[in-house]
Amino acid sequence: MEDVYHAVATGKAQFHPLEKSAIITEIVDYPQRAICRIWLAGGELDELMQAEKSIAVWAKSLGCDAMEIIGRKGWQRQLKDYTATAVILAKDLNDV
């Protein structure tokens with residue numbers, strides 16, 4: 001939680017509060033394009049789905065070329081206009 005607060009407070013991430021939900025985004029500048037990444041989201045599904053549309057418009061107004069979402073595989077069922085391009089895996093190095 002502290003990392004999220006710090007990222008928002010320093011402008012590295014953006015907080016989108018909704019009535020019953022919240023979304024955290026970050027703008028990622030790759031060498032040839034900018035992407036708005038939905039980093040965290042939680043709350044009411046219908047509200048989140050509506051917010052995704054307005055965040056996409058907002059991101060385009062900032063010059064972003066695409067949206068990206070990091071989340072559970074279940075989001076694929078809801079976000080049919082997104083394409084799965086990778087699976088993100090993690091490993092705790094404390095066990096190595």
# chains A, B, ... in the order shown; residues from 1 in each chain; ligands from 1

call {"tool": "select_by_dssp", "arguments": {"residues": "chain A", "states": "helix (DSSP H, G or I)", "output": "number ranges by chain"}}
result
A: 2-9, 45-61, 75-78, 93-95

call {"tool": "residues_around", "arguments": {"residues": "Gly63 in chain A", "least_positions_apart": "2", "cutoff": "9 Å", "atoms": "only C-alpha atoms", "output": "ChimeraX atom specification"}}
result
/A:33-35,59-61,65

call {"tool": "write_last_selection", "arguments": {"atoms": "C-alpha atoms", "output": "mmCIF file, in the first residue's frame"}}
result
data_model
loop_
_atom_site.group_PDB
_atom_site.id
_atom_site.type_symbol
_atom_site.label_atom_id
_atom_site.label_comp_id
_atom_site.auth_asym_id
_atom_site.auth_seq_id
_atom_site.Cartn_x
_atom_site.Cartn_y
_atom_site.Cartn_z
ATOM 1 C CA ARG A 33 5.005 4.779 -28.082
ATOM 2 C CA ALA A 34 3.315 5.570 -24.806
ATOM 3 C CA ILE A 35 0.951 3.194 -23.043
ATOM 4 C CA ALA A 59 -5.090 8.373 -21.932
ATOM 5 C CA LYS A 60 -5.518 9.149 -25.624
ATOM 6 C CA SER A 61 -5.780 12.858 -24.771
ATOM 7 C CA ASP A 65 -1.034 4.938 -28.130
#

call {"tool": "closest_residue", "arguments": {"among": "A:Leu18, A:Gly43, A:Asn94, A:Cys36", "to": "Ala56 in chain A", "atoms": "only C-alpha atoms"}}
result
A:Cys36

call {"tool": "closest_residue", "arguments": {"among": "A:Ile27, A:Glu52, A:Gln32, A:Cys64", "to": "Tyr82 in chain A", "atoms": "only C-alpha atoms"}}
result
A:Glu52

call {"tool": "atom_distance", "arguments": {"atom1": "CA of Pro17 in chain A", "atom2": "CA of Gln76 in chain A"}}
result
22.8 Å

call {"tool": "atom_distance", "arguments": {"atom1": "CA of Trp75 in chain A", "atom2": "CA of Thr10 in chain A"}}
result
28.3 Å

call {"tool": "closest_residue", "arguments": {"among": "A:Leu40, A:Lys53, A:Asp46, A:Glu2", "to": "Arg72 in chain A", "atoms": "only C-alpha atoms"}}
result
A:Leu40

call {"tool": "closest_residue", "arguments": {"among": "A:Gly42, A:Val8, A:Ala66, A:Asp3", "to": "Ala22 in chain A", "atoms": "only C-alpha atoms"}}
result
A:Gly42

call {"tool": "select_by_dssp", "arguments": {"residues": "chain A", "states": "strand (DSSP E)", "output": "VMD selection string"}}
result
chain A and resid 14 to 17 21 to 29 34 to 43 66 to 69

call {"tool": "write_last_selection", "arguments": {"atoms": "C-alpha atoms", "output": "mmCIF file, in the first residue's frame"}}
result
data_model
loop_
_atom_site.group_PDB
_atom_site.id
_atom_site.type_symbol
_atom_site.label_atom_id
_atom_site.label_comp_id
_atom_site.auth_asym_id
_atom_site.auth_seq_id
_atom_site.Cartn_x
_atom_site.Cartn_y
_atom_site.Cartn_z
ATOM 1 C CA GLN A 14 -2.553 8.227 -11.171
ATOM 2 C CA PHE A 15 -5.418 7.555 -8.761
ATOM 3 C CA HIS A 16 -8.895 7.361 -10.270
ATOM 4 C CA PRO A 17 -11.413 7.251 -7.402
ATOM 5 C CA SER A 21 -14.278 1.420 -6.906
ATOM 6 C CA ALA A 22 -10.801 2.738 -7.613
ATOM 7 C CA ILE A 23 -8.226 2.383 -10.369
ATOM 8 C CA ILE A 24 -4.500 3.100 -10.374
ATOM 9 C CA THR A 25 -2.859 3.812 -13.731
ATOM 10 C CA GLU A 26 0.635 4.614 -14.876
ATOM 11 C CA ILE A 27 1.861 6.092 -18.135
ATOM 12 C CA VAL A 28 4.699 4.019 -19.570
ATOM 13 C CA ASP A 29 6.886 5.701 -22.181
ATOM 14 C CA ALA A 34 3.315 5.570 -24.806
ATOM 15 C CA ILE A 35 0.951 3.194 -23.043
ATOM 16 C CA CYS A 36 -1.518 3.778 -20.236
ATOM 17 C CA ARG A 37 -1.246 0.755 -17.967
ATOM 18 C CA ILE A 38 -4.060 -0.062 -15.575
ATOM 19 C CA TRP A 39 -1.909 -1.275 -12.746
ATOM 20 C CA LEU A 40 -4.500 -1.874 -10.013
ATOM 21 C CA ALA A 41 -8.289 -1.911 -9.965
ATOM 22 C CA GLY A 42 -10.826 -2.959 -7.400
ATOM 23 C CA GLY A 43 -14.458 -2.509 -6.571
ATOM 24 C CA ALA A 66 -2.477 1.973 -26.268
ATOM 25 C CA MET A 67 -3.885 0.626 -23.023
ATOM 26 C CA GLU A 68 -2.363 -2.225 -21.074
ATOM 27 C CA ILE A 69 -3.749 -4.104 -18.106
#

call {"tool": "atom_distance", "arguments": {"atom1": "CA of Leu48 in chain A", "atom2": "CA of Lys73 in chain A"}}
result
15.9 Å

call {"tool": "decode", "arguments": {"residues": "range 34-82 of chain A", "atoms": "N, CA and C atoms", "output": "PDB file, in the first residue's frame"}}
result
ATOM      1  N   ALA A  34       3.684   5.456 -26.215  1.00  0.00           N
ATOM      2  CA  ALA A  34       3.315   5.570 -24.806  1.00  0.00           C
ATOM      3  C   ALA A  34       2.081   4.708 -24.555  1.00  0.00           C
ATOM      4  N   ILE A  35       2.058   4.078 -23.403  1.00  0.00           N
ATOM      5  CA  ILE A  35       0.951   3.194 -23.043  1.00  0.00           C
ATOM      6  C   ILE A  35       0.416   3.603 -21.680  1.00  0.00           C
ATOM      7  N   CYS A  36      -0.897   3.594 -21.542  1.00  0.00           N
ATOM      8  CA  CYS A  36      -1.518   3.778 -20.236  1.00  0.00           C
ATOM      9  C   CYS A  36      -1.785   2.388 -19.674  1.00  0.00           C
ATOM     10  N   ARG A  37      -1.110   2.070 -18.595  1.00  0.00           N
ATOM     11  CA  ARG A  37      -1.246   0.755 -17.967  1.00  0.00           C
ATOM     12  C   ARG A  37      -2.183   0.857 -16.766  1.00  0.00           C
ATOM     13  N   ILE A  38      -3.229   0.066 -16.777  1.00  0.00           N
ATOM     14  CA  ILE A  38      -4.060  -0.062 -15.575  1.00  0.00           C
ATOM     15  C   ILE A  38      -3.325  -1.050 -14.682  1.00  0.00           C
ATOM     16  N   TRP A  39      -2.780  -0.520 -13.626  1.00  0.00           N
ATOM     17  CA  TRP A  39      -1.909  -1.275 -12.746  1.00  0.00           C
ATOM     18  C   TRP A  39      -2.718  -1.998 -11.677  1.00  0.00           C
ATOM     19  N   LEU A  40      -3.659  -1.307 -11.064  1.00  0.00           N
ATOM     20  CA  LEU A  40      -4.500  -1.874 -10.013  1.00  0.00           C
ATOM     21  C   LEU A  40      -5.931  -1.417 -10.214  1.00  0.00           C
ATOM     22  N   ALA A  41      -6.876  -2.276  -9.897  1.00  0.00           N
ATOM     23  CA  ALA A  41      -8.289  -1.911  -9.965  1.00  0.00           C
ATOM     24  C   ALA A  41      -9.055  -2.787  -8.991  1.00  0.00           C
ATOM     25  N   GLY A  42     -10.000  -2.186  -8.320  1.00  0.00           N
ATOM     26  CA  GLY A  42     -10.826  -2.959  -7.400  1.00  0.00           C
ATOM     27  C   GLY A  42     -12.134  -2.263  -7.144  1.00  0.00           C
ATOM     28  N   GLY A  43     -13.147  -3.061  -6.866  1.00  0.00           N
ATOM     29  CA  GLY A  43     -14.458  -2.509  -6.571  1.00  0.00           C
ATOM     30  C   GLY A  43     -15.541  -3.198  -7.366  1.00  0.00           C
ATOM     31  N   GLU A  44     -16.544  -2.445  -7.735  1.00  0.00           N
ATOM     32  CA  GLU A  44     -17.711  -2.965  -8.444  1.00  0.00           C
ATOM     33  C   GLU A  44     -17.394  -3.140  -9.933  1.00  0.00           C
ATOM     34  N   LEU A  45     -17.599  -4.332 -10.449  1.00  0.00           N
ATOM     35  CA  LEU A  45     -17.217  -4.665 -11.817  1.00  0.00           C
ATOM     36  C   LEU A  45     -17.842  -3.743 -12.856  1.00  0.00           C
ATOM     37  N   ASP A  46     -19.137  -3.492 -12.777  1.00  0.00           N
ATOM     38  CA  ASP A  46     -19.788  -2.638 -13.774  1.00  0.00           C
ATOM     39  C   ASP A  46     -19.194  -1.233 -13.773  1.00  0.00           C
ATOM     40  N   GLU A  47     -18.932  -0.713 -12.587  1.00  0.00           N
ATOM     41  CA  GLU A  47     -18.340   0.615 -12.481  1.00  0.00           C
ATOM     42  C   GLU A  47     -16.918   0.632 -13.057  1.00  0.00           C
ATOM     43  N   LEU A  48     -16.147  -0.414 -12.787  1.00  0.00           N
ATOM     44  CA  LEU A  48     -14.795  -0.510 -13.331  1.00  0.00           C
ATOM     45  C   LEU A  48     -14.811  -0.587 -14.854  1.00  0.00           C
ATOM     46  N   MET A  49     -15.759  -1.330 -15.408  1.00  0.00           N
ATOM     47  CA  MET A  49     -15.851  -1.470 -16.860  1.00  0.00           C
ATOM     48  C   MET A  49     -16.185  -0.126 -17.508  1.00  0.00           C
ATOM     49  N   GLN A  50     -17.069   0.640 -16.899  1.00  0.00           N
ATOM     50  CA  GLN A  50     -17.396   1.977 -17.417  1.00  0.00           C
ATOM     51  C   GLN A  50     -16.195   2.908 -17.311  1.00  0.00           C
ATOM     52  N   ALA A  51     -15.493   2.825 -16.192  1.00  0.00           N
ATOM     53  CA  ALA A  51     -14.329   3.691 -15.971  1.00  0.00           C
ATOM     54  C   ALA A  51     -13.218   3.398 -16.969  1.00  0.00           C
ATOM     55  N   GLU A  52     -13.058   2.148 -17.355  1.00  0.00           N
ATOM     56  CA  GLU A  52     -12.021   1.795 -18.321  1.00  0.00           C
ATOM     57  C   GLU A  52     -12.210   2.574 -19.613  1.00  0.00           C
ATOM     58  N   LYS A  53     -13.445   2.749 -20.025  1.00  0.00           N
ATOM     59  CA  LYS A  53     -13.737   3.495 -21.256  1.00  0.00           C
ATOM     60  C   LYS A  53     -13.316   4.961 -21.128  1.00  0.00           C
ATOM     61  N   SER A  54     -13.645   5.572 -20.012  1.00  0.00           N
ATOM     62  CA  SER A  54     -13.290   6.988 -19.841  1.00  0.00           C
ATOM     63  C   SER A  54     -11.785   7.153 -19.614  1.00  0.00           C
ATOM     64  N   ILE A  55     -11.147   6.196 -18.983  1.00  0.00           N
ATOM     65  CA  ILE A  55      -9.696   6.269 -18.806  1.00  0.00           C
ATOM     66  C   ILE A  55      -8.996   6.135 -20.151  1.00  0.00           C
ATOM     67  N   ALA A  56      -9.529   5.303 -21.040  1.00  0.00           N
ATOM     68  CA  ALA A  56      -8.942   5.169 -22.378  1.00  0.00           C
ATOM     69  C   ALA A  56      -9.008   6.496 -23.133  1.00  0.00           C
ATOM     70  N   VAL A  57     -10.119   7.202 -23.023  1.00  0.00           N
ATOM     71  CA  VAL A  57     -10.257   8.514 -23.661  1.00  0.00           C
ATOM     72  C   VAL A  57      -9.261   9.495 -23.039  1.00  0.00           C
ATOM     73  N   TRP A  58      -9.167   9.488 -21.727  1.00  0.00           N
ATOM     74  CA  TRP A  58      -8.222  10.353 -21.013  1.00  0.00           C
ATOM     75  C   TRP A  58      -6.792  10.058 -21.463  1.00  0.00           C
ATOM     76  N   ALA A  59      -6.444   8.763 -21.543  1.00  0.00           N
ATOM     77  CA  ALA A  59      -5.090   8.373 -21.932  1.00  0.00           C
ATOM     78  C   ALA A  59      -4.772   8.834 -23.353  1.00  0.00           C
ATOM     79  N   LYS A  60      -5.731   8.702 -24.242  1.00  0.00           N
ATOM     80  CA  LYS A  60      -5.518   9.149 -25.624  1.00  0.00           C
ATOM     81  C   LYS A  60      -5.267  10.655 -25.658  1.00  0.00           C
ATOM     82  N   SER A  61      -5.971  11.401 -24.806  1.00  0.00           N
ATOM     83  CA  SER A  61      -5.780  12.858 -24.771  1.00  0.00           C
ATOM     84  C   SER A  61      -4.386  13.237 -24.276  1.00  0.00           C
ATOM     85  N   LEU A  62      -3.731  12.326 -23.552  1.00  0.00           N
ATOM     86  CA  LEU A  62      -2.365  12.555 -23.076  1.00  0.00           C
ATOM     87  C   LEU A  62      -1.314  12.099 -24.083  1.00  0.00           C
ATOM     88  N   GLY A  63      -1.771  11.526 -25.198  1.00  0.00           N
ATOM     89  CA  GLY A  63      -0.840  11.064 -26.214  1.00  0.00           C
ATOM     90  C   GLY A  63      -0.512   9.587 -26.153  1.00  0.00           C
ATOM     91  N   CYS A  64      -1.226   8.838 -25.332  1.00  0.00           N
ATOM     92  CA  CYS A  64      -0.966   7.399 -25.257  1.00  0.00           C
ATOM     93  C   CYS A  64      -1.459   6.708 -26.527  1.00  0.00           C
ATOM     94  N   ASP A  65      -0.717   5.706 -26.939  1.00  0.00           N
ATOM     95  CA  ASP A  65      -1.034   4.938 -28.130  1.00  0.00           C
ATOM     96  C   ASP A  65      -1.819   3.674 -27.831  1.00  0.00           C
ATOM     97  N   ALA A  66      -1.816   3.231 -26.601  1.00  0.00           N
ATOM     98  CA  ALA A  66      -2.477   1.973 -26.268  1.00  0.00           C
ATOM     99  C   ALA A  66      -2.764   1.911 -24.775  1.00  0.00           C
ATOM    100  N   MET A  67      -3.593   0.949 -24.421  1.00  0.00           N
ATOM    101  CA  MET A  67      -3.885   0.626 -23.023  1.00  0.00           C
ATOM    102  C   MET A  67      -3.278  -0.739 -22.741  1.00  0.00           C
ATOM    103  N   GLU A  68      -2.910  -0.946 -21.502  1.00  0.00           N
ATOM    104  CA  GLU A  68      -2.363  -2.225 -21.074  1.00  0.00           C
ATOM    105  C   GLU A  68      -2.918  -2.502 -19.682  1.00  0.00           C
ATOM    106  N   ILE A  69      -3.218  -3.739 -19.422  1.00  0.00           N
ATOM    107  CA  ILE A  69      -3.749  -4.104 -18.106  1.00  0.00           C
ATOM    108  C   ILE A  69      -2.931  -5.248 -17.542  1.00  0.00           C
ATOM    109  N   ILE A  70      -2.544  -5.096 -16.315  1.00  0.00           N
ATOM    110  CA  ILE A  70      -1.912  -6.176 -15.578  1.00  0.00           C
ATOM    111  C   ILE A  70      -2.945  -6.632 -14.553  1.00  0.00           C
ATOM    112  N   GLY A  71      -3.349  -7.871 -14.646  1.00  0.00           N
ATOM    113  CA  GLY A  71      -4.365  -8.343 -13.721  1.00  0.00           C
ATOM    114  C   GLY A  71      -4.605  -9.826 -13.855  1.00  0.00           C
ATOM    115  N   ARG A  72      -5.614 -10.286 -13.155  1.00  0.00           N
ATOM    116  CA  ARG A  72      -5.966 -11.697 -13.186  1.00  0.00           C
ATOM    117  C   ARG A  72      -6.457 -12.100 -14.572  1.00  0.00           C
ATOM    118  N   LYS A  73      -6.273 -13.346 -14.900  1.00  0.00           N
ATOM    119  CA  LYS A  73      -6.688 -13.869 -16.197  1.00  0.00           C
ATOM    120  C   LYS A  73      -8.194 -13.682 -16.427  1.00  0.00           C
ATOM    121  N   GLY A  74      -8.966 -13.632 -15.378  1.00  0.00           N
ATOM    122  CA  GLY A  74     -10.407 -13.461 -15.484  1.00  0.00           C
ATOM    123  C   GLY A  74     -10.835 -12.169 -16.167  1.00  0.00           C
ATOM    124  N   TRP A  75      -9.954 -11.165 -16.184  1.00  0.00           N
ATOM    125  CA  TRP A  75     -10.283  -9.914 -16.864  1.00  0.00           C
ATOM    126  C   TRP A  75     -10.490 -10.137 -18.355  1.00  0.00           C
ATOM    127  N   GLN A  76      -9.909 -11.179 -18.931  1.00  0.00           N
ATOM    128  CA  GLN A  76     -10.091 -11.461 -20.364  1.00  0.00           C
ATOM    129  C   GLN A  76     -11.561 -11.676 -20.709  1.00  0.00           C
ATOM    130  N   ARG A  77     -12.310 -12.262 -19.791  1.00  0.00           N
ATOM    131  CA  ARG A  77     -13.746 -12.492 -20.042  1.00  0.00           C
ATOM    132  C   ARG A  77     -14.512 -11.177 -20.123  1.00  0.00           C
ATOM    133  N   GLN A  78     -14.074 -10.185 -19.385  1.00  0.00           N
ATOM    134  CA  GLN A  78     -14.775  -8.902 -19.342  1.00  0.00           C
ATOM    135  C   GLN A  78     -14.284  -7.930 -20.415  1.00  0.00           C
ATOM    136  N   LEU A  79     -13.009  -7.940 -20.697  1.00  0.00           N
ATOM    137  CA  LEU A  79     -12.395  -6.960 -21.599  1.00  0.00           C
ATOM    138  C   LEU A  79     -12.131  -7.609 -22.961  1.00  0.00           C
ATOM    139  N   LYS A  80     -13.192  -7.851 -23.676  1.00  0.00           N
ATOM    140  CA  LYS A  80     -13.121  -8.590 -24.932  1.00  0.00           C
ATOM    141  C   LYS A  80     -12.366  -7.831 -26.032  1.00  0.00           C
ATOM    142  N   ASP A  81     -12.232  -6.516 -25.914  1.00  0.00           N
ATOM    143  CA  ASP A  81     -11.504  -5.762 -26.935  1.00  0.00           C
ATOM    144  C   ASP A  81     -10.009  -5.670 -26.636  1.00  0.00           C
ATOM    145  N   TYR A  82      -9.549  -6.375 -25.605  1.00  0.00           N
ATOM    146  CA  TYR A  82      -8.125  -6.471 -25.282  1.00  0.00           C
ATOM    147  C   TYR A  82      -7.605  -7.824 -25.764  1.00  0.00           C
TER     148      TYR A  82
END
